[in-house]
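Here is the structure we will look at.
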Amino acid sequence: MTTKITVLYYLRKSKVNAHGQMPIYQRITINGKRFDVSSGHFIEEDKWSSEAGKMKGNSEEARMINGQLEMMRAIVYETEKKLFMNEVPITFESFKNEYQGKKERERMLIPIFEEHNRKIKELLGHDYAPGTLERYKTSLKHTKDFIYWKYNITDINIEKIDHAFIMEYEFYLRSVRKCANNSAVKYIKNFHKIINQCIANGWLQKDPFVNYKSKMKEVVREFLTEKEVEDIINKEFVSERLELVRDIFIFSCFTGLAYIDVQQLTTDNVALGIDGDKWIFKNRQKTDTASKIPLLPMAQQIITKYQNHPVCKNENRLLPILTNQKMNAYLKEIADVCGINKPLTFHIARHTFATTVTLSNGVPLETVSKMLGHTNLKTTQHYAKILDKKISEDMMILKSKFNQRNQTNEKRSS
């Protein structure tokens, strides 16, 4: 946008002094906004030309005052030139501060980032999950470390953040921090949110991310096969703790619920669905989207098994789940004793529900997406891509159709 700056001079008649003289003021207008500056001179009204915006005549006083008014006008255009040469966007505020010799308060990156994280912390359990806060805390640490690594300083003015800064930050994450592609992209994405807030607040005039491009690499999601699920179900455990972990893991395999959602389940989350059978009704902690899941027999058996467990009765929980850290530690033991050569974690249960339990058995993608509480069907499609068994079955149907067609044609020709 072209900045329009105009300058005029006038007498301020409301400020007549004891000698009947009025002060001469300079009025500077920038894109419709204006501010006035006193010239420091007083004259009688009849000596002033409103049309010319200067003192009448050619007296020594007139030449002196008019000369100083022209110098003030020149300073206006020098200020405009200075801002332009320094690549500072010319706005009403930036011009006024420069003209009056005032320095705008520097806005530093780290306090802005810390304030963002503080607000997330205040909204935990409402708008944000604990994992979100941890991710932004890690992003803040990486940002601090990068600034010190690159510039040997502890903070930076947000106006210094440009395309080169972002590219160097990404390089730092990939090289020094040894982040994988998707991790690096996520940290940069978190940083981008902070920059977007600065732009929205009017603290930054240019978006340093304009020419930045990054792409997440598709990750193959690990899941259990039908045989592996059966091996875990049928395994006899001497340890009650391993049996408990196994049962809750299998419950997630047949409901698709993430750890935090299983942990939050109470008996109130189980109710009769549209078909008259029991369903789980639960808003996902991560996205706050509704999950409505009909209870399969295996999941119902596990609920019944633990309904009288002390933790369930005393703490109003549906299942006596352990901490996520302990669950994953015991799941590694279960994988070993069951001969499963996969990095077994609780989240694999959710992937197993999406693939082995539902999609592989012909449940439509849209239905699976709804039960998983996905906000985007593309998220669910990642599971469908890795199902070789489903591809094989679909192609077998196609082959069968071609064979039937060929047989019909052969009969007709004979």
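Labels for the structure tokens follow display order: chains A, B, ..., residues from 1 in each chain, ligands from 1.
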**Message:** Residues of region 247-317 of chain A classed as strand (DSSP E) by DSSP on the backbone are to be reported as a PyMOL selection string.
**Reply:** chain A and resi 270-272+278-283+290-294
Can you spit out the residues from that selection as a JSON list (two decimals), in the first residue's frame, using all heavy atoms?
```json
[["chain", "number", "residue", "atom", "x", "y", "z"],
["A", 270, "VAL", "N", -20.69, -45.29, 29.24],
["A", 270, "VAL", "CA", -21.33, -46.46, 28.61],
["A", 270, "VAL", "C", -22.84, -46.31, 28.70],
["A", 270, "VAL", "O", -23.39, -46.14, 29.79],
["A", 270, "VAL", "CB", -20.88, -47.77, 29.27],
["A", 270, "VAL", "CG1", -21.56, -48.96, 28.59],
["A", 270, "VAL", "CG2", -19.36, -47.92, 29.20],
["A", 271, "ALA", "N", -23.49, -46.33, 27.54],
["A", 271, "ALA", "CA", -24.95, -46.18, 27.51],
["A", 271, "ALA", "C", -25.50, -46.94, 26.31],
["A", 271, "ALA", "O", -24.73, -47.41, 25.45],
["A", 271, "ALA", "CB", -25.32, -44.71, 27.44],
["A", 272, "LEU", "N", -26.82, -47.05, 26.25],
["A", 272, "LEU", "CA", -27.45, -47.75, 25.13],
["A", 272, "LEU", "C", -27.40, -46.87, 23.89],
["A", 272, "LEU", "O", -27.72, -45.68, 23.94],
["A", 272, "LEU", "CB", -28.89, -48.11, 25.46],
["A", 272, "LEU", "CG", -29.09, -49.12, 26.60],
["A", 272, "LEU", "CD1", -30.58, -49.40, 26.82],
["A", 272, "LEU", "CD2", -28.35, -50.42, 26.31],
["A", 278, "LYS", "N", -25.04, -51.72, 24.04],
["A", 278, "LYS", "CA", -24.19, -50.79, 24.76],
["A", 278, "LYS", "C", -23.14, -50.16, 23.83],
["A", 278, "LYS", "O", -22.51, -50.86, 23.04],
["A", 278, "LYS", "CB", -23.50, -51.50, 25.93],
["A", 278, "LYS", "CG", -24.45, -51.84, 27.07],
["A", 278, "LYS", "CD", -23.69, -52.49, 28.22],
["A", 278, "LYS", "CE", -24.63, -52.81, 29.38],
["A", 278, "LYS", "NZ", -23.91, -53.46, 30.51],
["A", 279, "TRP", "N", -22.97, -48.86, 23.99],
["A", 279, "TRP", "CA", -21.98, -48.10, 23.24],
["A", 279, "TRP", "C", -21.13, -47.31, 24.23],
["A", 279, "TRP", "O", -21.54, -47.06, 25.37],
["A", 279, "TRP", "CB", -22.63, -47.09, 22.30],
["A", 279, "TRP", "CG", -23.32, -47.66, 21.09],
["A", 279, "TRP", "CD1", -24.03, -48.83, 21.01],
["A", 279, "TRP", "CD2", -23.39, -47.05, 19.80],
["A", 279, "TRP", "NE1", -24.54, -48.99, 19.74],
["A", 279, "TRP", "CE2", -24.17, -47.90, 18.97],
["A", 279, "TRP", "CE3", -22.88, -45.88, 19.26],
["A", 279, "TRP", "CZ2", -24.44, -47.61, 17.64],
["A", 279, "TRP", "CZ3", -23.16, -45.58, 17.92],
["A", 279, "TRP", "CH2", -23.92, -46.45, 17.12],
["A", 280, "ILE", "N", -19.93, -46.91, 23.77],
["A", 280, "ILE", "CA", -19.12, -45.95, 24.53],
["A", 280, "ILE", "C", -19.31, -44.58, 23.86],
["A", 280, "ILE", "O", -19.14, -44.44, 22.65],
["A", 280, "ILE", "CB", -17.63, -46.33, 24.53],
["A", 280, "ILE", "CG1", -17.40, -47.55, 25.42],
["A", 280, "ILE", "CG2", -16.77, -45.17, 25.04],
["A", 280, "ILE", "CD1", -15.97, -48.03, 25.44],
["A", 281, "PHE", "N", -19.67, -43.59, 24.68],
["A", 281, "PHE", "CA", -19.80, -42.22, 24.21],
["A", 281, "PHE", "C", -18.73, -41.39, 24.91],
["A", 281, "PHE", "O", -18.74, -41.24, 26.13],
["A", 281, "PHE", "CB", -21.19, -41.66, 24.53],
["A", 281, "PHE", "CG", -22.30, -42.38, 23.82],
["A", 281, "PHE", "CD1", -22.88, -43.53, 24.37],
["A", 281, "PHE", "CD2", -22.77, -41.91, 22.60],
["A", 281, "PHE", "CE1", -23.91, -44.18, 23.72],
["A", 281, "PHE", "CE2", -23.80, -42.57, 21.94],
["A", 281, "PHE", "CZ", -24.37, -43.71, 22.50],
["A", 282, "LYS", "N", -17.78, -40.86, 24.14],
["A", 282, "LYS", "CA", -16.66, -40.17, 24.75],
["A", 282, "LYS", "C", -16.10, -39.11, 23.80],
["A", 282, "LYS", "O", -15.87, -39.37, 22.64],
["A", 282, "LYS", "CB", -15.54, -41.19, 25.08],
["A", 282, "LYS", "CG", -14.22, -40.58, 25.57],
["A", 282, "LYS", "CD", -14.29, -40.21, 27.03],
["A", 282, "LYS", "CE", -12.92, -39.82, 27.59],
["A", 282, "LYS", "NZ", -12.36, -38.59, 27.03],
["A", 283, "ASN", "N", -15.91, -37.91, 24.31],
["A", 283, "ASN", "CA", -15.21, -36.88, 23.54],
["A", 283, "ASN", "C", -13.70, -37.09, 23.68],
["A", 283, "ASN", "O", -13.20, -37.20, 24.80],
["A", 283, "ASN", "CB", -15.58, -35.48, 24.03],
["A", 283, "ASN", "CG", -16.86, -34.97, 23.40],
["A", 283, "ASN", "OD1", -17.72, -35.76, 23.05],
["A", 283, "ASN", "ND2", -16.98, -33.68, 23.27],
["A", 290, "ALA", "N", -16.38, -35.99, 19.19],
["A", 290, "ALA", "CA", -17.13, -37.09, 19.78],
["A", 290, "ALA", "C", -16.75, -38.43, 19.15],
["A", 290, "ALA", "O", -16.62, -38.55, 17.93],
["A", 290, "ALA", "CB", -18.62, -36.85, 19.59],
["A", 291, "SER", "N", -16.54, -39.44, 20.00],
["A", 291, "SER", "CA", -16.36, -40.83, 19.56],
["A", 291, "SER", "C", -17.57, -41.63, 20.06],
["A", 291, "SER", "O", -17.87, -41.59, 21.25],
["A", 291, "SER", "CB", -15.08, -41.43, 20.13],
["A", 291, "SER", "OG", -13.94, -40.88, 19.52],
["A", 292, "LYS", "N", -18.23, -42.32, 19.15],
["A", 292, "LYS", "CA", -19.37, -43.17, 19.50],
["A", 292, "LYS", "C", -19.04, -44.58, 19.01],
["A", 292, "LYS", "O", -19.00, -44.81, 17.81],
["A", 292, "LYS", "CB", -20.65, -42.65, 18.87],
["A", 292, "LYS", "CG", -20.99, -41.22, 19.27],
["A", 292, "LYS", "CD", -22.23, -40.71, 18.55],
["A", 292, "LYS", "CE", -22.53, -39.27, 18.92],
["A", 292, "LYS", "NZ", -23.71, -38.74, 18.19],
["A", 293, "ILE", "N", -18.80, -45.47, 19.96],
["A", 293, "ILE", "CA", -18.26, -46.78, 19.60],
["A", 293, "ILE", "C", -19.14, -47.90, 20.15],
["A", 293, "ILE", "O", -19.27, -48.04, 21.39],
["A", 293, "ILE", "CB", -16.83, -46.94, 20.17],
["A", 293, "ILE", "CG1", -15.97, -45.74, 19.81],
["A", 293, "ILE", "CG2", -16.20, -48.25, 19.71],
["A", 293, "ILE", "CD1", -14.80, -45.53, 20.72],
["A", 294, "PRO", "N", -19.78, -48.68, 19.29],
["A", 294, "PRO", "CA", -20.52, -49.85, 19.77],
["A", 294, "PRO", "C", -19.57, -50.82, 20.45],
["A", 294, "PRO", "O", -18.48, -51.10, 19.95],
["A", 294, "PRO", "CB", -21.10, -50.46, 18.49],
["A", 294, "PRO", "CG", -21.09, -49.34, 17.49],
["A", 294, "PRO", "CD", -19.89, -48.51, 17.83]]
```
Who sits within 10 Å of Lys227 (chain A), only C-alpha atoms, same chain under 5 positions skipped, as a PDB file with N, CA, C and O atoms, in the first residue's frame:
```pdb
ATOM      1  N   ILE A 232      -1.893 -62.763  22.010  1.00  0.00           N
ATOM      2  CA  ILE A 232      -1.894 -61.991  23.254  1.00  0.00           C
ATOM      3  C   ILE A 232      -3.112 -62.343  24.104  1.00  0.00           C
ATOM      4  O   ILE A 232      -3.020 -62.503  25.329  1.00  0.00           O
ATOM      5  N   ILE A 233      -4.280 -62.483  23.442  1.00  0.00           N
ATOM      6  CA  ILE A 233      -5.512 -62.823  24.181  1.00  0.00           C
ATOM      7  C   ILE A 233      -5.394 -64.185  24.849  1.00  0.00           C
ATOM      8  O   ILE A 233      -5.797 -64.370  26.006  1.00  0.00           O
ATOM      9  N   THR A 356      -6.772 -53.994  11.636  1.00  0.00           N
ATOM     10  CA  THR A 356      -7.094 -55.422  11.767  1.00  0.00           C
ATOM     11  C   THR A 356      -8.540 -55.669  12.182  1.00  0.00           C
ATOM     12  O   THR A 356      -9.207 -56.568  11.658  1.00  0.00           O
TER      13      THR A 356
END
```
Select from region 67-182 of chain A everything DSSP, run on the backbone, classes as alpha helix (DSSP H), then give the selection as a tab-separated table (two decimals) with C-alpha atoms, in the first residue's frame.
```
chain	number	residue	atom	x	y	z
A	67	GLY	CA	12.58	29.38	6.42
A	68	GLN	CA	12.21	27.40	9.63
A	69	LEU	CA	8.80	26.10	8.54
A	70	GLU	CA	10.39	24.81	5.31
A	71	MET	CA	13.13	23.13	7.36
A	72	MET	CA	10.42	21.39	9.40
A	73	ARG	CA	8.77	20.27	6.16
A	74	ALA	CA	12.09	18.90	4.91
A	75	ILE	CA	12.52	16.90	8.12
A	76	VAL	CA	9.16	15.22	7.41
A	77	TYR	CA	10.37	13.95	4.03
A	78	GLU	CA	13.77	13.02	5.45
A	79	THR	CA	11.97	10.91	8.03
A	80	GLU	CA	9.97	9.19	5.29
A	81	LYS	CA	13.18	8.52	3.34
A	82	LYS	CA	14.94	7.12	6.42
A	83	LEU	CA	12.13	4.65	7.13
A	84	PHE	CA	12.11	3.59	3.48
A	85	MET	CA	15.89	3.07	3.35
A	92	PHE	CA	1.28	6.33	11.37
A	93	GLU	CA	2.93	4.92	14.49
A	94	SER	CA	6.35	4.19	12.95
A	95	PHE	CA	6.51	7.62	11.29
A	96	LYS	CA	5.42	9.53	14.38
A	97	ASN	CA	7.90	7.70	16.61
A	98	GLU	CA	10.77	8.29	14.19
A	99	TYR	CA	9.87	11.94	13.61
A	109	LEU	CA	10.65	-13.40	20.99
A	110	ILE	CA	11.15	-15.43	24.18
A	111	PRO	CA	8.70	-13.49	26.44
A	112	ILE	CA	6.04	-13.78	23.71
A	113	PHE	CA	6.66	-17.55	23.43
A	114	GLU	CA	6.59	-17.93	27.23
A	115	GLU	CA	3.31	-16.01	27.50
A	116	HIS	CA	1.81	-18.29	24.83
A	117	ASN	CA	2.81	-21.35	26.86
A	118	ARG	CA	1.50	-19.81	30.08
A	119	LYS	CA	-1.95	-19.38	28.52
A	120	ILE	CA	-1.94	-23.00	27.33
A	121	LYS	CA	-1.10	-24.09	30.89
A	122	GLU	CA	-4.04	-22.07	32.23
A	130	PRO	CA	-1.06	-31.92	28.73
A	131	GLY	CA	0.78	-33.29	25.72
A	132	THR	CA	0.21	-30.05	23.83
A	133	LEU	CA	1.85	-28.04	26.60
A	134	GLU	CA	4.83	-30.40	26.70
A	135	ARG	CA	5.31	-30.06	22.94
A	136	TYR	CA	5.35	-26.27	23.13
A	137	LYS	CA	7.68	-26.32	26.14
A	138	THR	CA	10.09	-28.47	24.11
A	139	SER	CA	9.67	-26.12	21.12
A	140	LEU	CA	10.51	-23.14	23.33
A	141	LYS	CA	13.65	-24.90	24.61
A	142	HIS	CA	14.78	-25.69	21.05
A	143	THR	CA	14.15	-22.07	20.05
A	144	LYS	CA	16.23	-20.73	22.96
A	145	ASP	CA	19.05	-23.17	22.25
A	146	PHE	CA	19.06	-22.28	18.55
A	147	ILE	CA	19.26	-18.52	19.20
A	148	TYR	CA	22.23	-19.03	21.51
A	149	TRP	CA	23.88	-21.50	19.12
A	150	LYS	CA	23.50	-19.23	16.09
A	151	TYR	CA	23.79	-15.70	17.52
A	163	HIS	CA	13.35	-16.25	6.00
A	164	ALA	CA	17.05	-16.87	6.66
A	165	PHE	CA	16.35	-17.24	10.40
A	166	ILE	CA	13.73	-19.93	9.73
A	167	MET	CA	15.95	-21.85	7.32
A	168	GLU	CA	18.82	-21.77	9.82
A	169	TYR	CA	16.47	-22.92	12.59
A	170	GLU	CA	15.34	-25.87	10.49
A	171	PHE	CA	18.96	-26.73	9.70
A	172	TYR	CA	19.79	-26.60	13.43
A	173	LEU	CA	16.93	-28.98	14.29
A	174	ARG	CA	17.96	-31.48	11.63
A	175	SER	CA	21.73	-31.32	12.16
A	181	ASN	CA	11.94	-34.84	9.22
A	182	ASN	CA	8.50	-34.90	10.83
```
**Request:** Just give me the gap between CA of Phe237 (chain A) and CA of His351 (chain A) in Å, one decimal is fine.
**Result:** 24.2 Å
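Each of A:Lys15, A:Arg412, A:Lys217, A:His309 was checked against His382 (chain A) using only C-alpha atoms; the smallest atom-to-atom distance is that of A:Lys217.
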**Asked** Can you list, as a PyMOL selection string, every protein, DNA or RNA residue that comes within 10 Å of region 377-381 of chain A when you count only C-alpha atoms, leaving out same-chain residues fewer than 3 positions away?
**Response** chain A and resi 351+354-355+365-370+372-374+384-386
**Item:** Pairwise distance for CA of Lys13 (chain A) and CA of Lys56 (chain A), rounded to one decimal in Å
**Value:** 17.3 Å
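CA of Arg27 (chain A) to CA of Leu8 (chain A) spans 5.3 Å [interatomic distance, one decimal].
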Near-Ala258 (chain A) list (10 Å; only C-alpha atoms; drop same-chain fewer than 3 positions) as a PDB file with all heavy atoms, in the first residue's frame:
```
ATOM      1  N   PHE A 249      -5.043 -53.295  27.145  1.00  0.00           N
ATOM      2  CA  PHE A 249      -4.517 -53.124  25.789  1.00  0.00           C
ATOM      3  C   PHE A 249      -5.486 -53.727  24.770  1.00  0.00           C
ATOM      4  O   PHE A 249      -5.809 -53.096  23.752  1.00  0.00           O
ATOM      5  CB  PHE A 249      -3.147 -53.789  25.672  1.00  0.00           C
ATOM      6  CG  PHE A 249      -2.567 -53.761  24.282  1.00  0.00           C
ATOM      7  CD1 PHE A 249      -1.953 -52.623  23.790  1.00  0.00           C
ATOM      8  CD2 PHE A 249      -2.633 -54.891  23.469  1.00  0.00           C
ATOM      9  CE1 PHE A 249      -1.419 -52.599  22.506  1.00  0.00           C
ATOM     10  CE2 PHE A 249      -2.109 -54.878  22.187  1.00  0.00           C
ATOM     11  CZ  PHE A 249      -1.494 -53.726  21.704  1.00  0.00           C
ATOM     12  N   SER A 252      -8.502 -51.629  24.213  1.00  0.00           N
ATOM     13  CA  SER A 252      -8.250 -50.543  23.269  1.00  0.00           C
ATOM     14  C   SER A 252      -8.202 -51.046  21.832  1.00  0.00           C
ATOM     15  O   SER A 252      -8.622 -50.353  20.912  1.00  0.00           O
ATOM     16  CB  SER A 252      -6.937 -49.845  23.614  1.00  0.00           C
ATOM     17  OG  SER A 252      -6.722 -48.744  22.760  1.00  0.00           O
ATOM     18  N   CYS A 253      -7.713 -52.277  21.644  1.00  0.00           N
ATOM     19  CA  CYS A 253      -7.704 -52.875  20.302  1.00  0.00           C
ATOM     20  C   CYS A 253      -9.124 -53.038  19.747  1.00  0.00           C
ATOM     21  O   CYS A 253      -9.332 -53.014  18.534  1.00  0.00           O
ATOM     22  CB  CYS A 253      -7.034 -54.247  20.327  1.00  0.00           C
ATOM     23  SG  CYS A 253      -5.234 -54.218  20.493  1.00  0.00           S
ATOM     24  N   THR A 255     -11.785 -51.086  20.811  1.00  0.00           N
ATOM     25  CA  THR A 255     -12.551 -49.833  20.902  1.00  0.00           C
ATOM     26  C   THR A 255     -11.875 -48.688  20.151  1.00  0.00           C
ATOM     27  O   THR A 255     -12.542 -47.714  19.781  1.00  0.00           O
ATOM     28  CB  THR A 255     -12.737 -49.391  22.373  1.00  0.00           C
ATOM     29  OG1 THR A 255     -11.444 -49.205  22.973  1.00  0.00           O
ATOM     30  CG2 THR A 255     -13.527 -50.417  23.155  1.00  0.00           C
ATOM     31  N   ASP A 261      -7.942 -41.393  26.817  1.00  0.00           N
ATOM     32  CA  ASP A 261      -9.397 -41.554  26.771  1.00  0.00           C
ATOM     33  C   ASP A 261      -9.845 -42.774  27.569  1.00  0.00           C
ATOM     34  O   ASP A 261     -10.887 -42.739  28.228  1.00  0.00           O
ATOM     35  CB  ASP A 261      -9.866 -41.655  25.316  1.00  0.00           C
ATOM     36  CG  ASP A 261      -9.580 -40.381  24.542  1.00  0.00           C
ATOM     37  OD1 ASP A 261      -9.867 -39.292  25.089  1.00  0.00           O
ATOM     38  OD2 ASP A 261      -9.082 -40.454  23.410  1.00  0.00           O
ATOM     39  N   VAL A 262      -9.050 -43.855  27.529  1.00  0.00           N
ATOM     40  CA  VAL A 262      -9.359 -45.028  28.358  1.00  0.00           C
ATOM     41  C   VAL A 262      -9.230 -44.657  29.832  1.00  0.00           C
ATOM     42  O   VAL A 262     -10.058 -45.031  30.665  1.00  0.00           O
ATOM     43  CB  VAL A 262      -8.424 -46.208  28.020  1.00  0.00           C
ATOM     44  CG1 VAL A 262      -8.687 -47.393  28.960  1.00  0.00           C
ATOM     45  CG2 VAL A 262      -8.614 -46.648  26.569  1.00  0.00           C
ATOM     46  N   GLN A 263      -8.204 -43.897  30.156  1.00  0.00           N
ATOM     47  CA  GLN A 263      -7.976 -43.488  31.540  1.00  0.00           C
ATOM     48  C   GLN A 263      -9.153 -42.677  32.088  1.00  0.00           C
ATOM     49  O   GLN A 263      -9.497 -42.776  33.268  1.00  0.00           O
ATOM     50  CB  GLN A 263      -6.691 -42.655  31.622  1.00  0.00           C
ATOM     51  CG  GLN A 263      -6.300 -42.270  33.053  1.00  0.00           C
ATOM     52  CD  GLN A 263      -5.192 -41.252  33.074  1.00  0.00           C
ATOM     53  OE1 GLN A 263      -5.249 -40.255  32.365  1.00  0.00           O
ATOM     54  NE2 GLN A 263      -4.165 -41.511  33.870  1.00  0.00           N
ATOM     55  N   ARG A 284     -13.019 -37.137  22.554  1.00  0.00           N
ATOM     56  CA  ARG A 284     -11.575 -37.352  22.589  1.00  0.00           C
ATOM     57  C   ARG A 284     -10.888 -36.201  23.305  1.00  0.00           C
ATOM     58  O   ARG A 284     -11.194 -35.028  23.064  1.00  0.00           O
ATOM     59  CB  ARG A 284     -11.007 -37.460  21.169  1.00  0.00           C
ATOM     60  CG  ARG A 284     -11.281 -38.788  20.495  1.00  0.00           C
ATOM     61  CD  ARG A 284     -10.382 -38.925  19.282  1.00  0.00           C
ATOM     62  NE  ARG A 284      -8.985 -39.108  19.667  1.00  0.00           N
ATOM     63  CZ  ARG A 284      -7.959 -38.919  18.852  1.00  0.00           C
ATOM     64  NH1 ARG A 284      -8.159 -38.492  17.622  1.00  0.00           N
ATOM     65  NH2 ARG A 284      -6.727 -39.124  19.275  1.00  0.00           N
ATOM     66  N   GLN A 285      -9.948 -36.541  24.171  1.00  0.00           N
ATOM     67  CA  GLN A 285      -9.183 -35.512  24.879  1.00  0.00           C
ATOM     68  C   GLN A 285      -8.370 -34.667  23.906  1.00  0.00           C
ATOM     69  O   GLN A 285      -8.271 -33.446  24.044  1.00  0.00           O
ATOM     70  CB  GLN A 285      -8.251 -36.188  25.898  1.00  0.00           C
ATOM     71  CG  GLN A 285      -7.267 -35.250  26.571  1.00  0.00           C
ATOM     72  CD  GLN A 285      -7.943 -34.290  27.521  1.00  0.00           C
ATOM     73  OE1 GLN A 285      -8.930 -34.642  28.138  1.00  0.00           O
ATOM     74  NE2 GLN A 285      -7.417 -33.084  27.622  1.00  0.00           N
ATOM     75  N   LYS A 286      -7.815 -35.301  22.883  1.00  0.00           N
ATOM     76  CA  LYS A 286      -6.898 -34.613  21.977  1.00  0.00           C
ATOM     77  C   LYS A 286      -7.594 -33.558  21.134  1.00  0.00           C
ATOM     78  O   LYS A 286      -7.076 -32.450  20.953  1.00  0.00           O
ATOM     79  CB  LYS A 286      -6.209 -35.640  21.067  1.00  0.00           C
ATOM     80  CG  LYS A 286      -5.178 -35.039  20.116  1.00  0.00           C
ATOM     81  CD  LYS A 286      -4.506 -36.134  19.314  1.00  0.00           C
ATOM     82  CE  LYS A 286      -3.469 -35.542  18.352  1.00  0.00           C
ATOM     83  NZ  LYS A 286      -2.800 -36.602  17.556  1.00  0.00           N
ATOM     84  N   PHE A 346       1.070 -48.708  23.802  1.00  0.00           N
ATOM     85  CA  PHE A 346      -0.381 -48.665  23.961  1.00  0.00           C
ATOM     86  C   PHE A 346      -1.057 -48.097  22.715  1.00  0.00           C
ATOM     87  O   PHE A 346      -2.155 -48.519  22.355  1.00  0.00           O
ATOM     88  CB  PHE A 346      -0.760 -47.818  25.185  1.00  0.00           C
ATOM     89  CG  PHE A 346      -2.184 -48.024  25.612  1.00  0.00           C
ATOM     90  CD1 PHE A 346      -2.516 -49.048  26.498  1.00  0.00           C
ATOM     91  CD2 PHE A 346      -3.202 -47.230  25.124  1.00  0.00           C
ATOM     92  CE1 PHE A 346      -3.837 -49.260  26.881  1.00  0.00           C
ATOM     93  CE2 PHE A 346      -4.521 -47.434  25.501  1.00  0.00           C
ATOM     94  CZ  PHE A 346      -4.835 -48.456  26.388  1.00  0.00           C
ATOM     95  N   HIS A 347      -0.407 -47.159  22.037  1.00  0.00           N
ATOM     96  CA  HIS A 347      -1.050 -46.519  20.887  1.00  0.00           C
ATOM     97  C   HIS A 347      -1.202 -47.471  19.704  1.00  0.00           C
ATOM     98  O   HIS A 347      -2.039 -47.244  18.828  1.00  0.00           O
ATOM     99  CB  HIS A 347      -0.270 -45.275  20.458  1.00  0.00           C
ATOM    100  CG  HIS A 347      -1.123 -44.257  19.768  1.00  0.00           C
ATOM    101  ND1 HIS A 347      -2.139 -43.581  20.402  1.00  0.00           N
ATOM    102  CD2 HIS A 347      -1.132 -43.815  18.487  1.00  0.00           C
ATOM    103  CE1 HIS A 347      -2.729 -42.765  19.555  1.00  0.00           C
ATOM    104  NE2 HIS A 347      -2.138 -42.888  18.379  1.00  0.00           N
ATOM    105  N   ILE A 348      -0.405 -48.553  19.693  1.00  0.00           N
ATOM    106  CA  ILE A 348      -0.555 -49.544  18.616  1.00  0.00           C
ATOM    107  C   ILE A 348      -1.941 -50.181  18.676  1.00  0.00           C
ATOM    108  O   ILE A 348      -2.478 -50.629  17.655  1.00  0.00           O
ATOM    109  CB  ILE A 348       0.571 -50.599  18.702  1.00  0.00           C
ATOM    110  CG1 ILE A 348       1.883 -49.994  18.181  1.00  0.00           C
ATOM    111  CG2 ILE A 348       0.226 -51.862  17.922  1.00  0.00           C
ATOM    112  CD1 ILE A 348       3.061 -50.929  18.213  1.00  0.00           C
ATOM    113  N   ALA A 349      -2.531 -50.221  19.863  1.00  0.00           N
ATOM    114  CA  ALA A 349      -3.880 -50.785  19.992  1.00  0.00           C
ATOM    115  C   ALA A 349      -4.864 -49.994  19.143  1.00  0.00           C
ATOM    116  O   ALA A 349      -5.748 -50.562  18.494  1.00  0.00           O
ATOM    117  CB  ALA A 349      -4.306 -50.768  21.463  1.00  0.00           C
ATOM    118  N   ARG A 350      -4.736 -48.679  19.145  1.00  0.00           N
ATOM    119  CA  ARG A 350      -5.626 -47.823  18.352  1.00  0.00           C
ATOM    120  C   ARG A 350      -5.443 -48.089  16.860  1.00  0.00           C
ATOM    121  O   ARG A 350      -6.415 -48.177  16.104  1.00  0.00           O
ATOM    122  CB  ARG A 350      -5.336 -46.361  18.686  1.00  0.00           C
ATOM    123  CG  ARG A 350      -6.231 -45.349  17.998  1.00  0.00           C
ATOM    124  CD  ARG A 350      -6.033 -43.975  18.612  1.00  0.00           C
ATOM    125  NE  ARG A 350      -6.613 -42.910  17.817  1.00  0.00           N
ATOM    126  CZ  ARG A 350      -7.882 -42.550  17.833  1.00  0.00           C
ATOM    127  NH1 ARG A 350      -8.740 -43.198  18.615  1.00  0.00           N
ATOM    128  NH2 ARG A 350      -8.324 -41.564  17.096  1.00  0.00           N
ATOM    129  N   HIS A 351      -4.180 -48.245  16.442  1.00  0.00           N
ATOM    130  CA  HIS A 351      -3.918 -48.573  15.037  1.00  0.00           C
ATOM    131  C   HIS A 351      -4.484 -49.950  14.680  1.00  0.00           C
ATOM    132  O   HIS A 351      -4.984 -50.166  13.570  1.00  0.00           O
ATOM    133  CB  HIS A 351      -2.409 -48.569  14.762  1.00  0.00           C
ATOM    134  CG  HIS A 351      -1.753 -47.249  15.041  1.00  0.00           C
ATOM    135  ND1 HIS A 351      -2.386 -46.048  14.863  1.00  0.00           N
ATOM    136  CD2 HIS A 351      -0.506 -46.952  15.474  1.00  0.00           C
ATOM    137  CE1 HIS A 351      -1.564 -45.063  15.171  1.00  0.00           C
ATOM    138  NE2 HIS A 351      -0.412 -45.584  15.564  1.00  0.00           N
ATOM    139  N   LEU A 372     -13.205 -43.420  15.520  1.00  0.00           N
ATOM    140  CA  LEU A 372     -11.903 -42.965  16.004  1.00  0.00           C
ATOM    141  C   LEU A 372     -11.930 -41.503  16.446  1.00  0.00           C
ATOM    142  O   LEU A 372     -10.996 -41.025  17.090  1.00  0.00           O
ATOM    143  CB  LEU A 372     -10.842 -43.147  14.920  1.00  0.00           C
ATOM    144  CG  LEU A 372     -10.439 -44.583  14.598  1.00  0.00           C
ATOM    145  CD1 LEU A 372      -9.524 -44.617  13.373  1.00  0.00           C
ATOM    146  CD2 LEU A 372      -9.743 -45.248  15.780  1.00  0.00           C
TER     147      LEU A 372
END
```
**Request:** Could you tell me which of A:Ile65, A:Ala180, A:Ile90, A:Met327 comes closest to Thr2 (chain A) if we count only C-alpha atoms?
**Result:** A:Ile90
**Asked** So, counting only C-alpha atoms, which residue among A:Ala18, A:Val7, A:Val363, A:Ala329 is closest to Phe35 (chain A)?
**Response** A:Val7
**Message:** Which residues are near Ser38 (chain A)? Cut-off 8 Å, only C-alpha atoms, ignore same chain within fewer than 2 positions. Put them as a ChimeraX atom specification.
**Reply:** /A:23-26,36,40-41
**Nearest candidate to Ser214 (chain A) (options A:Arg63, A:Lys399, A:Lys313, A:Lys189; using only C-alpha atoms)** = A:Lys189
**Message:** List as a count of residues only the protein and nucleic acid residues near region 331-335 of chain A, meaning an atom at most 8 Å away when only C-alpha atoms are counted, but skip any in the same chain fewer than 5 places from it.
**Reply:** 11
